[in-house]
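Below is run-v2.txt, which holds compact mmCIF, C-alpha atoms and all ligand atoms.
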# COMPACT_ATOMS: atom_id res chain seq x y z
CA MET T 1 129.06 123.24 111.38
CA GLU T 2 128.54 119.81 109.92
CA LYS T 3 128.92 116.62 111.91
CA HIS T 4 128.37 113.14 110.42
CA GLY T 5 126.16 114.65 107.73
CA ARG T 6 124.26 116.69 110.28
CA ARG T 7 124.26 120.38 111.05
CA VAL T 8 122.91 122.38 113.96
CA SER T 9 119.43 123.56 113.10
CA ARG T 10 116.74 125.66 114.69
CA ARG T 11 114.35 125.04 111.81
CA LEU T 12 110.81 123.85 112.25
CA TYR T 13 109.19 122.79 109.00
CA ARG T 14 105.42 122.72 108.74
CA ILE T 15 103.53 121.07 105.86
CA LYS T 16 99.82 121.64 105.67
CA GLY T 17 97.57 121.30 102.63
CA GLY T 18 100.61 120.73 100.41
CA SER T 19 102.43 123.93 101.32
CA LEU T 20 105.61 124.25 103.30
CA THR T 21 106.48 126.95 105.82
CA VAL T 22 109.75 127.26 107.73
CA SER T 23 110.06 129.01 111.08
CA GLU T 24 112.69 129.35 113.76
CA LEU T 25 112.24 127.24 116.88
CA PRO T 26 111.97 129.23 120.11
CA VAL T 27 114.61 128.40 122.75
CA GLU T 28 112.01 126.66 124.93
CA GLY T 29 110.90 124.67 121.90
CA PHE T 30 107.62 124.39 120.02
CA LYS T 31 104.98 122.71 122.13
CA PHE T 32 101.80 121.04 120.90
CA GLY T 33 99.17 119.47 123.14
CA ASP T 34 95.86 117.82 122.43
CA GLY T 35 94.51 117.81 126.00
CA ARG T 36 95.80 114.32 126.75
CA ALA T 37 99.51 114.60 126.01
CA PHE T 38 101.94 117.00 124.42
CA THR T 39 104.92 116.90 122.11
CA VAL T 40 107.85 119.33 122.11
CA VAL T 41 110.17 120.10 119.20
CA LYS T 42 113.59 121.53 120.04
CA SER T 43 116.63 122.62 118.08
CA GLY T 44 119.43 120.12 117.47
CA LEU T 45 121.21 118.38 114.63
CA GLU T 46 119.44 118.10 111.29
CA HIS T 47 120.63 115.69 108.62
CA VAL T 48 121.75 117.42 105.41
CA THR T 49 119.66 115.05 103.29
CA VAL T 50 116.33 116.09 104.82
CA ALA T 51 115.86 119.63 103.46
CA PRO T 52 116.24 118.53 99.78
CA ALA T 53 113.60 115.79 100.39
CA LEU T 54 110.91 118.16 101.70
CA GLY T 55 109.16 118.23 98.32
CA TYR T 56 108.70 114.44 98.37
CA ILE T 57 107.70 114.54 102.02
CA ALA T 58 105.02 117.16 101.32
CA GLU T 59 103.74 115.18 98.33
CA LEU T 60 103.46 111.92 100.28
CA ALA T 61 101.83 113.50 103.34
CA THR T 62 99.31 115.37 101.22
CA ARG T 63 98.45 112.25 99.24
CA ILE T 64 98.23 109.71 102.11
CA ALA T 65 96.55 111.90 104.77
CA PRO T 66 95.49 115.25 103.23
CA TRP T 67 94.07 116.66 106.50
CA VAL T 68 97.32 116.19 108.44
CA ASP T 69 99.28 119.08 109.91
CA LEU T 70 102.89 117.86 109.69
CA TYR T 71 105.83 119.26 111.66
CA LEU T 72 109.46 118.28 111.15
CA GLY T 73 112.24 119.29 113.52
CA PRO T 74 115.55 118.07 114.95
CA ARG T 75 114.42 116.82 118.36
CA ILE T 76 110.94 115.43 118.98
CA LEU T 77 110.35 114.92 122.68
CA SER T 78 107.54 113.52 124.81
CA GLU T 79 106.32 115.48 127.84
CA THR T 80 108.69 113.44 129.99
CA GLY T 81 111.65 114.31 127.72
CA GLU T 82 111.79 110.97 125.95
CA ARG T 83 113.25 111.28 122.47
CA TRP T 84 110.97 110.16 119.66
CA GLY T 85 111.58 109.50 115.96
CA GLY T 86 108.09 110.73 115.35
CA HIS T 87 104.68 111.04 116.91
CA CYS T 88 101.05 111.30 115.89
CA HIS T 89 98.24 113.02 117.76
CA GLN T 90 95.59 110.96 115.99
CA ASN T 91 92.47 112.81 117.08
CA GLN T 92 93.99 116.17 116.09
CA GLY T 93 95.56 114.97 112.85
CA VAL T 94 98.95 116.36 113.89
CA VAL T 95 102.11 114.46 112.99
CA PHE T 96 105.74 115.04 114.02
CA VAL T 97 108.81 113.67 112.27
CA ASN T 98 112.44 113.92 113.35
CA THR T 99 114.95 115.53 110.97
CA ARG T 100 118.06 114.14 112.70
CA ALA T 101 118.43 110.97 110.63
CA TYR T 102 118.86 110.41 106.89
CA ALA T 103 115.94 111.50 104.69
CA SER T 104 115.20 107.82 103.97
CA THR T 105 114.72 107.20 107.70
CA ALA T 106 112.57 110.34 108.00
CA LEU T 107 110.39 108.92 105.20
CA GLU T 108 109.97 105.61 107.04
CA THR T 109 108.94 107.53 110.15
CA LEU T 110 106.61 109.65 108.04
CA PHE T 111 104.89 106.54 106.63
CA HIS T 112 104.55 105.11 110.14
CA GLU T 113 103.04 108.27 111.63
CA LEU T 114 100.77 108.96 108.64
CA PHE T 115 99.43 105.45 109.03
CA HIS T 116 98.50 106.23 112.65
CA ALA T 117 96.61 109.29 111.38
CA VAL T 118 94.73 107.20 108.77
CA ASP T 119 94.21 104.27 111.18
CA TRP T 120 92.13 106.50 113.47
CA TYR T 121 89.45 106.64 110.73
CA LEU T 122 89.97 103.23 109.11
CA GLN T 123 86.79 101.26 108.39
CA PRO T 124 86.45 98.14 110.61
CA PRO T 125 86.61 95.64 107.69
CA ASP T 126 89.92 97.17 106.49
CA ARG T 127 91.32 97.18 110.01
CA ARG T 128 90.32 93.53 110.47
CA VAL T 129 92.24 92.60 107.30
CA LEU T 130 95.40 94.30 108.61
CA ASP T 131 94.96 92.78 112.07
CA ALA T 132 94.75 89.32 110.53
CA ALA T 133 98.00 90.04 108.69
CA VAL T 134 99.94 91.34 111.70
CA ALA T 135 98.70 88.43 113.84
CA ARG T 136 101.09 86.32 111.76
CA GLY T 137 103.96 88.67 112.60
CA ALA T 138 106.91 88.29 114.95
CA ASP T 139 106.49 88.04 118.70
CA TYR T 140 108.65 90.73 120.28
CA GLU T 141 107.65 90.04 123.90
CA SER T 142 107.19 93.78 124.29
CA GLU T 143 103.85 95.34 125.11
CA TYR T 144 104.59 98.35 122.91
CA LEU T 145 105.89 96.39 119.92
CA SER T 146 103.15 93.76 120.15
CA ASP T 147 100.33 96.30 120.29
CA PRO T 148 98.22 95.76 117.11
CA VAL T 149 98.19 99.55 116.58
CA GLU T 150 101.99 99.57 116.33
CA ARG T 151 102.09 96.34 114.34
CA ARG T 152 99.74 97.80 111.74
CA ALA T 153 101.81 100.99 111.55
CA ARG T 154 105.03 99.03 111.07
CA LEU T 155 103.43 96.87 108.37
CA PHE T 156 102.42 99.98 106.42
CA GLU T 157 105.83 101.62 107.04
CA LYS T 158 107.62 98.57 105.56
CA PHE T 159 105.16 98.26 102.65
CA ALA T 160 105.31 101.96 101.76
CA SER T 161 109.12 102.09 102.03
CA TYR T 162 109.40 99.04 99.77
CA ILE T 163 107.24 100.69 97.10
CA TYR T 164 108.95 104.04 97.54
CA GLU T 165 112.40 102.49 97.06
CA GLY T 166 111.26 101.06 93.72
CA GLY T 167 109.78 97.67 94.63
CA ARG T 168 106.82 96.63 92.51
CA CYS T 169 105.69 93.03 92.98
CA LEU T 170 104.07 93.65 96.37
CA ALA T 171 101.73 96.21 94.84
CA CYS T 172 100.47 93.57 92.43
CA ALA T 173 100.19 90.71 94.94
CA ASP T 174 96.68 89.44 95.24
CA THR T 175 96.28 89.34 99.03
CA PRO T 176 93.68 91.18 101.13
CA GLU T 177 96.27 93.09 103.19
CA VAL T 178 98.17 94.34 100.14
CA GLU T 179 94.88 95.55 98.68
CA VAL T 180 94.21 97.62 101.84
CA LEU T 181 97.83 98.83 102.16
CA TRP T 182 97.84 99.90 98.53
CA ARG T 183 94.59 101.86 98.95
CA ILE T 184 96.25 103.72 101.83
CA TYR T 185 99.55 104.27 99.99
CA SER T 186 97.86 105.44 96.79
CA GLY T 187 95.85 107.98 98.81
CA LYS T 188 92.42 106.50 97.97
CA ILE T 189 91.47 105.90 101.61
CA GLY T 190 92.94 109.25 102.72
CA GLN T 191 90.89 111.07 100.10
CA GLU T 192 87.69 109.33 101.24
CA ILE T 193 88.41 110.30 104.85
CA PHE T 194 89.19 113.89 103.85
CA GLU T 195 85.99 114.22 101.82
CA ALA T 196 83.93 112.83 104.72
CA MET T 197 85.59 115.39 107.04
CA GLN T 198 84.72 118.23 104.68
CA GLY T 199 81.13 116.93 104.50
CA PHE T 200 80.92 117.17 108.31
CA GLU T 201 82.37 120.68 108.23
CA ASP T 202 79.74 121.75 105.66
CA ILE T 203 76.95 120.36 107.86
CA ALA T 204 78.43 122.12 110.92
CA ALA T 205 78.69 125.42 109.02
CA ALA T 206 75.12 125.22 107.65
ZN ZN R 301 103.71 104.01 116.20
Turn this file's structure into structure tokens for me.
Ligand SMILES: [Zn+2]
Amino acid sequence: MEKHGRRVSRRLYRIKGGSLTVSELPVEGFKFGDGRAFTVVKSGLEHVTVAPALGYIAELATRIAPWVDLYLGPRILSETGERWGGHCHQNQGVVFVNTRAYASTALETLFHELFHAVDWYLQPPDRRVLDAAVARGADYESEYLSDPVERRARLFEKFASYIYEGGRCLACADTPEVEVLWRIYSGKIGQEIFEAMQGFEDIAAA
């Protein structure tokens, strides 16, 4: 059945280390918790444009935040049943993205949530540059929207979407925030974080 470009789906996609696996969602949903909060993925309507974009999605996730365990499914819910476009368990490196909307919207959500994953490890000087940029941003008179964490994620989401849709001049602009955003988008910062993580693992295993 197809409805407004969407079809009923029980598929849970998982992208980890560049490879994609597809499984069937249990009736009670797939539940992930990190000790502080949990996220549930349930069956629902999946947009027909998402499945063909999974290759790009895997490529971007693996480049921007190589350690991330990414799940995509039709309904992403908080523990109180609130519907989310996406979610990031930063300390676990686990990211969720909704498959209900167009693939282009799923990509925006992906950029936003991957930024949260990277932001957890961002060096203070880089974070200060982004904070100075978002301090110039709009005042939404909303605690959630005004939170610098969310402002930084939205800035990266807009920047990355602009580049991904073919825009170029931003990537060449000589401003401190574009320099940081570009290092995240290109995967340079993600690779540094990933290598540091592997260094810690080697020490722990020794
Ligand atoms: Zn966010």
For ligand ZN 301 (chain R), list the contacting residues at 10 Å or closer, counting all atoms listed in the file, as an MDAnalysis selection string.
chainID T and resid 85:88 109 111:116 144:145 147:154 157
Can those selected residues be exported to a file as a PDB file, keeping the file's coordinate frame so that it contains C-alpha atoms?
ATOM      1  CA  GLY T  85     111.580 109.500 115.960  1.00  0.00           C
ATOM      2  CA  GLY T  86     108.090 110.730 115.350  1.00  0.00           C
ATOM      3  CA  HIS T  87     104.680 111.040 116.910  1.00  0.00           C
ATOM      4  CA  CYS T  88     101.050 111.300 115.890  1.00  0.00           C
ATOM      5  CA  THR T 109     108.940 107.530 110.150  1.00  0.00           C
ATOM      6  CA  PHE T 111     104.890 106.540 106.630  1.00  0.00           C
ATOM      7  CA  HIS T 112     104.550 105.110 110.140  1.00  0.00           C
ATOM      8  CA  GLU T 113     103.040 108.270 111.630  1.00  0.00           C
ATOM      9  CA  LEU T 114     100.770 108.960 108.640  1.00  0.00           C
ATOM     10  CA  PHE T 115      99.430 105.450 109.030  1.00  0.00           C
ATOM     11  CA  HIS T 116      98.500 106.230 112.650  1.00  0.00           C
ATOM     12  CA  TYR T 144     104.590  98.350 122.910  1.00  0.00           C
ATOM     13  CA  LEU T 145     105.890  96.390 119.920  1.00  0.00           C
ATOM     14  CA  ASP T 147     100.330  96.300 120.290  1.00  0.00           C
ATOM     15  CA  PRO T 148      98.220  95.760 117.110  1.00  0.00           C
ATOM     16  CA  VAL T 149      98.190  99.550 116.580  1.00  0.00           C
ATOM     17  CA  GLU T 150     101.990  99.570 116.330  1.00  0.00           C
ATOM     18  CA  ARG T 151     102.090  96.340 114.340  1.00  0.00           C
ATOM     19  CA  ARG T 152      99.740  97.800 111.740  1.00  0.00           C
ATOM     20  CA  ALA T 153     101.810 100.990 111.550  1.00  0.00           C
ATOM     21  CA  ARG T 154     105.030  99.030 111.070  1.00  0.00           C
ATOM     22  CA  GLU T 157     105.830 101.620 107.040  1.00  0.00           C
TER      23      GLU T 157
END
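When only C-alpha atoms are used to compute distances to Gln191 (chain T), the closest of the residues T:Thr62, T:Thr21, T:Ser43, T:Ser78 turns out to be T:Thr62.
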Residues at most 12 Å from region 39-41 of chain T, counting only C-alpha atoms, excluding those fewer than 6 positions away in the same chain, as a PyMOL selection string?
chain T and resi 9-14+24-33+71-89+94-100
Find the residue from T:Ala135, T:Ala204, T:Ala173, T:Ala160 that sits nearest to Leu110 (chain T); use only C-alpha atoms when measuring.
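Using only C-alpha atoms, Leu110 (chain T) sits closest to T:Ala160.
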Hey, which of T:Ile15, T:Ala53, T:Leu122, T:Val8 ends up closest to Leu70 (chain T)? Count all atoms listed in the file.
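Using all atoms listed in the file, Leu70 (chain T) sits closest to T:Ile15.
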Test item: which residues lie within 7 Å of (105.7, 119.9, 98.7) counting only C-alpha atoms, as a ChimeraX atom specification
/T:18-20,54-59
